[in-house]
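Data block for query_18.csv (CSV, C-alpha atoms):
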```
chain,number,residue,atom,x,y,z
I,1,MET,CA,-6.1,8.4,-19.1
I,2,LYS,CA,-2.5,8.4,-20.2
I,3,ILE,CA,-0.1,7.7,-17.3
I,4,GLU,CA,3.4,8.9,-17.8
I,5,ASN,CA,6.6,9.0,-15.6
I,6,ILE,CA,4.9,7.0,-12.9
I,7,ALA,CA,6.4,3.8,-11.5
I,8,ALA,CA,4.9,1.4,-9.0
I,9,ILE,CA,6.4,-0.2,-5.9
I,10,ILE,CA,4.7,-3.2,-4.5
I,11,LEU,CA,5.6,-4.1,-0.9
I,12,ALA,CA,5.8,-7.9,-0.6
I,13,ALA,CA,8.5,-8.7,1.9
I,14,GLY,CA,6.5,-9.5,5.0
I,15,LYS,CA,6.6,-12.9,6.6
I,16,GLY,CA,2.8,-13.1,7.2
I,17,THR,CA,3.3,-15.0,10.5
I,18,ARG,CA,-0.5,-15.4,11.1
I,19,MET,CA,-0.8,-17.2,7.7
I,20,LYS,CA,1.4,-19.9,9.2
I,21,SER,CA,3.3,-20.2,5.9
I,22,ILE,CA,6.9,-21.4,6.1
I,23,LYS,CA,8.1,-21.4,2.5
I,24,THR,CA,5.6,-19.2,0.6
I,25,ASN,CA,5.1,-15.5,0.8
I,26,LYS,CA,1.5,-14.6,1.5
I,27,SER,CA,1.3,-12.3,-1.6
I,28,VAL,CA,1.5,-15.4,-3.9
I,29,VAL,CA,-1.4,-17.2,-2.2
I,30,PRO,CA,-4.1,-17.9,-4.8
I,31,LEU,CA,-7.1,-15.5,-4.9
I,32,GLY,CA,-9.7,-16.4,-7.5
I,33,ASN,CA,-7.9,-17.7,-10.6
I,34,LYS,CA,-4.4,-16.6,-9.8
I,35,GLN,CA,-2.0,-15.4,-7.1
I,36,MET,CA,-2.8,-12.1,-5.3
I,37,ILE,CA,0.3,-10.2,-6.4
I,38,LEU,CA,-0.2,-11.4,-10.0
I,39,HIS,CA,-3.6,-9.7,-10.1
I,40,THR,CA,-1.9,-6.4,-9.1
I,41,VAL,CA,0.9,-6.7,-11.6
I,42,ASP,CA,-1.6,-7.4,-14.4
I,43,ARG,CA,-3.6,-4.4,-13.4
I,44,LEU,CA,-0.6,-2.1,-13.4
I,45,ASN,CA,0.4,-3.5,-16.9
I,46,GLN,CA,-3.2,-2.6,-18.1
I,47,LEU,CA,-2.5,1.0,-16.9
I,48,SER,CA,0.9,1.0,-18.6
I,49,ILE,CA,2.6,1.9,-15.3
I,50,SER,CA,6.3,1.1,-15.6
I,51,PRO,CA,8.6,0.0,-14.2
I,52,VAL,CA,7.0,-2.1,-11.4
I,53,ILE,CA,9.3,-2.7,-8.5
I,54,VAL,CA,8.5,-5.5,-6.0
I,55,VAL,CA,10.2,-5.4,-2.6
I,56,VAL,CA,10.8,-9.0,-1.5
I,57,GLY,CA,12.1,-10.5,1.7
I,58,PHE,CA,10.5,-13.5,3.3
I,59,ALA,CA,10.3,-16.5,0.9
I,60,ARG,CA,11.5,-14.2,-2.0
I,61,GLU,CA,11.9,-17.2,-4.3
I,62,SER,CA,8.1,-17.9,-4.2
I,63,VAL,CA,7.4,-14.3,-5.4
I,64,ILE,CA,10.1,-14.5,-8.1
I,65,GLU,CA,8.8,-17.9,-9.3
I,66,VAL,CA,5.3,-16.3,-9.9
I,67,LEU,CA,6.4,-12.9,-11.5
I,68,GLY,CA,9.6,-14.0,-13.3
I,69,ASN,CA,11.2,-11.1,-15.2
I,70,ARG,CA,8.1,-9.0,-15.5
I,71,VAL,CA,9.2,-6.8,-12.6
I,72,ILE,CA,12.3,-5.3,-10.9
I,73,TYR,CA,13.1,-6.8,-7.5
I,74,ALA,CA,14.4,-5.0,-4.4
I,75,ASP,CA,15.5,-6.8,-1.3
I,76,GLN,CA,14.4,-5.9,2.2
I,77,GLN,CA,16.8,-8.0,4.3
I,78,LYS,CA,15.5,-6.8,7.6
I,79,ARG,CA,11.8,-6.4,7.9
I,80,LEU,CA,11.5,-3.1,9.7
I,81,GLY,CA,8.1,-1.9,8.5
I,82,THR,CA,6.5,-0.4,5.4
I,83,ALA,CA,8.5,2.9,5.3
I,84,HIS,CA,11.7,0.9,5.4
I,85,ALA,CA,10.5,-1.4,2.7
I,86,LEU,CA,9.7,1.6,0.5
I,87,SER,CA,13.2,3.0,1.0
I,88,CYS,CA,14.6,-0.4,-0.3
I,89,GLY,CA,12.4,-0.1,-3.3
I,90,LEU,CA,13.4,3.5,-4.1
I,91,LYS,CA,17.0,2.4,-4.6
I,92,ASN,CA,15.9,0.8,-7.9
I,93,LEU,CA,13.8,3.7,-9.1
I,94,PRO,CA,15.0,5.2,-12.5
I,95,GLU,CA,16.1,8.8,-12.4
I,96,ASN,CA,13.4,10.0,-14.8
I,97,ILE,CA,10.5,8.9,-12.5
I,98,LYS,CA,8.9,11.7,-10.7
I,99,THR,CA,5.9,10.0,-9.2
I,100,VAL,CA,5.4,6.6,-7.6
I,101,LEU,CA,2.4,4.5,-6.8
I,102,VAL,CA,2.9,2.3,-3.7
I,103,LEU,CA,0.7,-0.7,-2.9
I,104,GLY,CA,0.8,-3.8,-0.7
I,105,GLY,CA,1.2,-7.2,-2.4
I,106,ASP,CA,-1.3,-8.9,-0.1
I,107,ASP,CA,-4.4,-6.7,-0.6
I,108,SER,CA,-4.2,-4.7,-3.8
I,109,ALA,CA,-5.8,-7.3,-6.0
I,110,PHE,CA,-9.1,-5.6,-5.1
I,111,TYR,CA,-8.2,-2.3,-6.6
I,112,THR,CA,-9.9,-1.7,-10.0
I,113,LYS,CA,-8.4,0.1,-12.9
I,114,GLU,CA,-10.8,3.0,-12.2
I,115,ILE,CA,-9.8,3.3,-8.5
I,116,ILE,CA,-6.1,3.5,-9.4
I,117,GLU,CA,-6.7,5.9,-12.3
I,118,ASN,CA,-8.8,8.2,-10.1
I,119,LEU,CA,-6.2,8.2,-7.3
I,120,ILE,CA,-3.4,9.2,-9.8
I,121,LYS,CA,-5.6,11.7,-11.6
I,122,THR,CA,-6.6,13.4,-8.4
I,123,HIS,CA,-3.0,13.5,-7.2
I,124,LYS,CA,-2.0,15.2,-10.4
I,125,GLN,CA,-4.9,17.7,-10.5
I,126,GLU,CA,-4.3,18.7,-6.9
I,127,LYS,CA,-0.6,18.9,-7.5
I,128,SER,CA,-0.1,17.0,-4.2
I,129,ALA,CA,3.1,15.8,-2.7
I,130,LEU,CA,1.3,12.8,-1.2
I,131,SER,CA,-2.2,11.3,-2.0
I,132,PHE,CA,-3.7,8.2,-0.4
I,133,LEU,CA,-6.8,6.1,-0.9
I,134,THR,CA,-9.4,5.8,1.9
I,135,ILE,CA,-12.3,3.4,2.2
I,136,ASN,CA,-15.0,2.7,4.6
I,137,ILE,CA,-15.5,-0.8,6.0
I,138,GLY,CA,-17.8,-2.3,8.6
I,139,ASN,CA,-15.1,-4.1,10.6
I,140,PRO,CA,-11.9,-2.0,10.7
I,141,LYS,CA,-10.2,-4.1,13.3
I,142,GLY,CA,-6.4,-4.4,12.7
I,143,LEU,CA,-6.3,-1.6,10.2
I,144,GLY,CA,-5.0,2.0,10.2
I,145,ARG,CA,-7.7,4.6,10.9
I,146,VAL,CA,-8.1,7.9,9.2
I,147,VAL,CA,-8.2,10.7,11.8
I,148,ARG,CA,-10.0,13.9,10.8
I,149,ASN,CA,-10.6,17.2,12.7
I,150,ILE,CA,-14.1,18.8,13.1
I,151,ASP,CA,-13.7,20.4,9.7
I,152,GLY,CA,-13.2,17.1,8.0
I,153,ASN,CA,-9.6,17.6,7.2
I,154,VAL,CA,-7.2,14.7,7.6
I,155,ILE,CA,-4.9,15.2,10.6
I,156,GLY,CA,-3.2,11.8,10.7
I,157,ILE,CA,-3.4,8.1,10.4
I,158,VAL,CA,-3.1,5.9,13.4
I,159,GLU,CA,-2.3,2.2,13.2
I,160,ASP,CA,-4.6,-0.2,15.1
I,161,LYS,CA,-1.8,-1.2,17.4
I,162,ASP,CA,-1.4,2.4,18.5
I,163,ALA,CA,-5.0,3.6,18.4
I,164,THR,CA,-7.0,4.7,21.4
I,165,LYS,CA,-10.5,3.3,22.2
I,166,GLU,CA,-12.1,6.2,20.5
I,167,GLN,CA,-10.0,5.9,17.4
I,168,LYS,CA,-10.7,2.2,17.0
I,169,LEU,CA,-14.4,3.2,16.5
I,170,VAL,CA,-13.6,5.0,13.2
I,171,SER,CA,-14.7,3.1,10.1
I,172,GLU,CA,-12.7,5.1,7.5
I,173,ILE,CA,-9.4,3.3,7.0
I,174,ASN,CA,-6.2,3.6,5.1
I,175,PRO,CA,-5.8,0.4,3.0
I,176,GLY,CA,-2.2,1.3,2.2
I,177,CYS,CA,-2.5,2.6,-1.4
I,178,TYR,CA,-0.5,5.8,-2.0
I,179,VAL,CA,0.9,8.1,-4.6
I,180,PHE,CA,4.0,10.1,-3.8
I,181,GLU,CA,6.1,12.7,-5.5
I,182,VAL,CA,9.7,11.3,-5.5
I,183,ARG,CA,11.1,14.6,-4.3
I,184,PHE,CA,8.9,14.4,-1.3
I,185,LEU,CA,10.1,10.9,-0.4
I,186,LYS,CA,13.8,11.8,-0.9
I,187,LYS,CA,13.3,14.7,1.5
I,188,TYR,CA,11.2,13.1,4.2
I,189,LEU,CA,11.4,9.3,4.2
I,190,LYS,CA,14.5,9.4,6.3
I,191,LYS,CA,12.7,11.4,8.9
I,192,VAL,CA,10.2,8.6,9.7
I,193,LYS,CA,10.6,7.6,13.3
I,194,LYS,CA,10.4,4.1,14.7
I,195,SER,CA,7.1,3.2,16.5
I,196,LEU,CA,7.6,2.8,20.2
I,197,VAL,CA,4.9,0.1,20.2
I,198,SER,CA,5.9,-2.2,17.3
I,199,GLY,CA,9.5,-1.1,16.6
I,200,GLU,CA,8.6,-0.6,12.9
I,201,TYR,CA,8.8,2.4,10.6
I,202,TYR,CA,5.3,3.1,9.2
I,203,LEU,CA,4.5,4.7,5.8
I,204,THR,CA,1.6,6.3,7.6
I,205,SER,CA,4.1,8.5,9.4
I,206,LEU,CA,4.6,10.4,6.1
I,207,ILE,CA,1.1,11.7,6.4
I,208,ASP,CA,1.9,13.3,9.7
I,209,ILE,CA,5.2,14.6,8.3
I,210,ALA,CA,3.4,16.1,5.2
I,211,ILE,CA,0.9,17.9,7.5
I,212,ASN,CA,3.5,19.2,9.9
I,213,ASN,CA,5.6,20.5,7.0
I,214,LYS,CA,2.7,22.0,5.1
I,215,GLU,CA,3.1,19.7,2.1
I,216,LYS,CA,0.1,19.2,-0.1
I,217,LEU,CA,-1.8,16.2,1.1
I,218,THR,CA,-4.9,14.7,-0.6
I,219,ALA,CA,-7.1,11.9,0.8
I,220,VAL,CA,-9.0,10.3,-2.1
I,221,PRO,CA,-12.2,8.5,-1.0
I,222,GLY,CA,-12.7,5.1,-2.7
I,223,GLY,CA,-16.2,4.7,-1.1
I,224,LYS,CA,-17.4,1.3,0.0
I,225,ILE,CA,-15.6,-1.1,-2.2
I,226,PHE,CA,-15.0,-4.9,-1.9
I,227,TRP,CA,-11.7,-5.0,-0.1
I,228,ARG,CA,-10.0,-7.4,2.4
I,229,GLY,CA,-6.5,-7.3,3.8
I,230,VAL,CA,-5.2,-10.8,4.1
I,231,ASN,CA,-3.2,-11.7,7.3
I,232,THR,CA,-4.8,-14.9,8.4
I,233,ARG,CA,-6.3,-18.0,6.8
I,234,GLU,CA,-9.7,-16.9,7.9
I,235,GLU,CA,-9.2,-13.5,6.2
I,236,LEU,CA,-8.1,-15.4,3.0
I,237,LYS,CA,-11.4,-17.3,3.0
I,238,GLU,CA,-13.3,-14.0,3.4
I,239,ALA,CA,-11.2,-12.4,0.6
I,240,GLU,CA,-11.9,-15.3,-1.7
I,241,LYS,CA,-15.7,-14.9,-1.2
I,242,LEU,CA,-15.5,-11.1,-1.8
I,243,PHE,CA,-13.2,-11.5,-4.8
I,244,LEU,CA,-15.3,-14.1,-6.6
I,245,ASN,CA,-18.4,-11.9,-5.9
I,246,ILE,CA,-17.0,-9.0,-7.9
I,247,LYS,CA,-15.6,-11.0,-10.8
```
Write the structure described by the file as structure tokens, please.
Amino acid sequence: MKIENIAAIILAAGKGTRMKSIKTNKSVVPLGNKQMILHTVDRLNQLSISPVIVVVGFARESVIEVLGNRVIYADQQKRLGTAHALSCGLKNLPENIKTVLVLGGDDSAFYTKEIIENLIKTHKQEKSALSFLTINIGNPKGLGRVVRNIDGNVIGIVEDKDATKEQKLVSEINPGCYVFEVRFLKKYLKKVKKSLVSGEYYLTSLIDIAINNKEKLTAVPGGKIFWRGVNTREELKEAEKLFLNIK
């Protein structure tokens, strides 16, 4: 598959408080034989996705030390959530780019070339404004749930912090891997509202915005893949076991 006019934005500004790291961004913690975010950048290079923009904030120097001049950096001086981070990254997006792949720096090492290619291919075939990956996992605690209606259509994403007891039972989750049309982001990103629970601006709000404004939305199932978000040292150990198992 030839990928053209698509850039990538990796969100890697978070502090990762539960990792108890003072001087190192959690995205540069080693996973397997190299740092998590380096796995992601190498994968994007294999797919010839360019440019790659990395949004940095907490311990930015540790990220820059790992990636050097391979990427473009964007600063998120105030950590106000994923939607705010994306807005920081968009400022460095070249004018000719029409489509952008958005990933997290602390979990995207698990995405294979085929998964990313299929997400982009489906997005293009469906002529969507927004597409996102969904996966099913046994323990979805702490993760955004995919909410569907009785017909199976996506009607929203709810963050774990905001989920009801019933929604917490859903096993289909949003791992935070998106493809957006840039024109959609320019029109709607500024309309994302702050969560009353966390005080953050969520990227997942754009799914609700797309639905409410009748923009084309596509959920792309990734099936049951080896995947682990890394927010604690315990989760890092689990991620290491999973990662080594698929290598």
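The smallest atom-to-atom distance between Ile115 in chain I and any of I:Val146, I:Leu47, I:Val63, I:Ala8, using all atoms listed in the file, is found for I:Leu47.
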*Could you tell me, as a list in words, which residues have any atom at most 8 Å from (-9.2, -6.3, -9.0), counting all atoms listed in the file?*
His39, Thr40, Arg43, Ser108, Ala109, Phe110, Tyr111, Thr112, Lys113 and Phe243 of chain I
_Can you pull out the residues contacting Thr204 in chain I? Cut-off 12 Å, using only C-alpha atoms, and skip same-chain residues under 3 positions away; I want them as a PyMOL selection string._
chain I and resi 81-84+86+130-133+143-147+155-160+162+173-178+189+192-195+200-201+207-211
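Remark: for Gly68 in chain I, the closest of the candidate residues I:Leu38, I:Leu206, I:Ile150, I:Leu103 is I:Leu38 (distances computed over all atoms listed in the file).
Here CA of Leu90 in chain I is placed at a distance of 8.6 Å from CA of Ala74 in chain I.
In terms of minimum interatomic distance to Gly222 in chain I, I:Ile135 ranks closest within I:Ile135, I:Glu4, I:Ser198, I:Ile97, counting all atoms listed in the file.
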*Nearest to Asn136 in chain I by atom-to-atom distance, counting all atoms listed in the file, from I:Val54, I:Ile37, I:Val170, I:Leu217*: I:Val170
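Residue nearest Arg60 in chain I, chosen from I:Val41, I:Ala13, I:Leu80, I:Val29 and counting all atoms listed in the file: I:Ala13.
If only C-alpha atoms are the atoms counted, then among I:Asn33, I:Ala12, I:Val102, I:Leu44 the closest residue to Ile64 in chain I is I:Ala12.
Put simply, CA of Lys98 in chain I is 6.6 Å away from CA of Ile6 in chain I.
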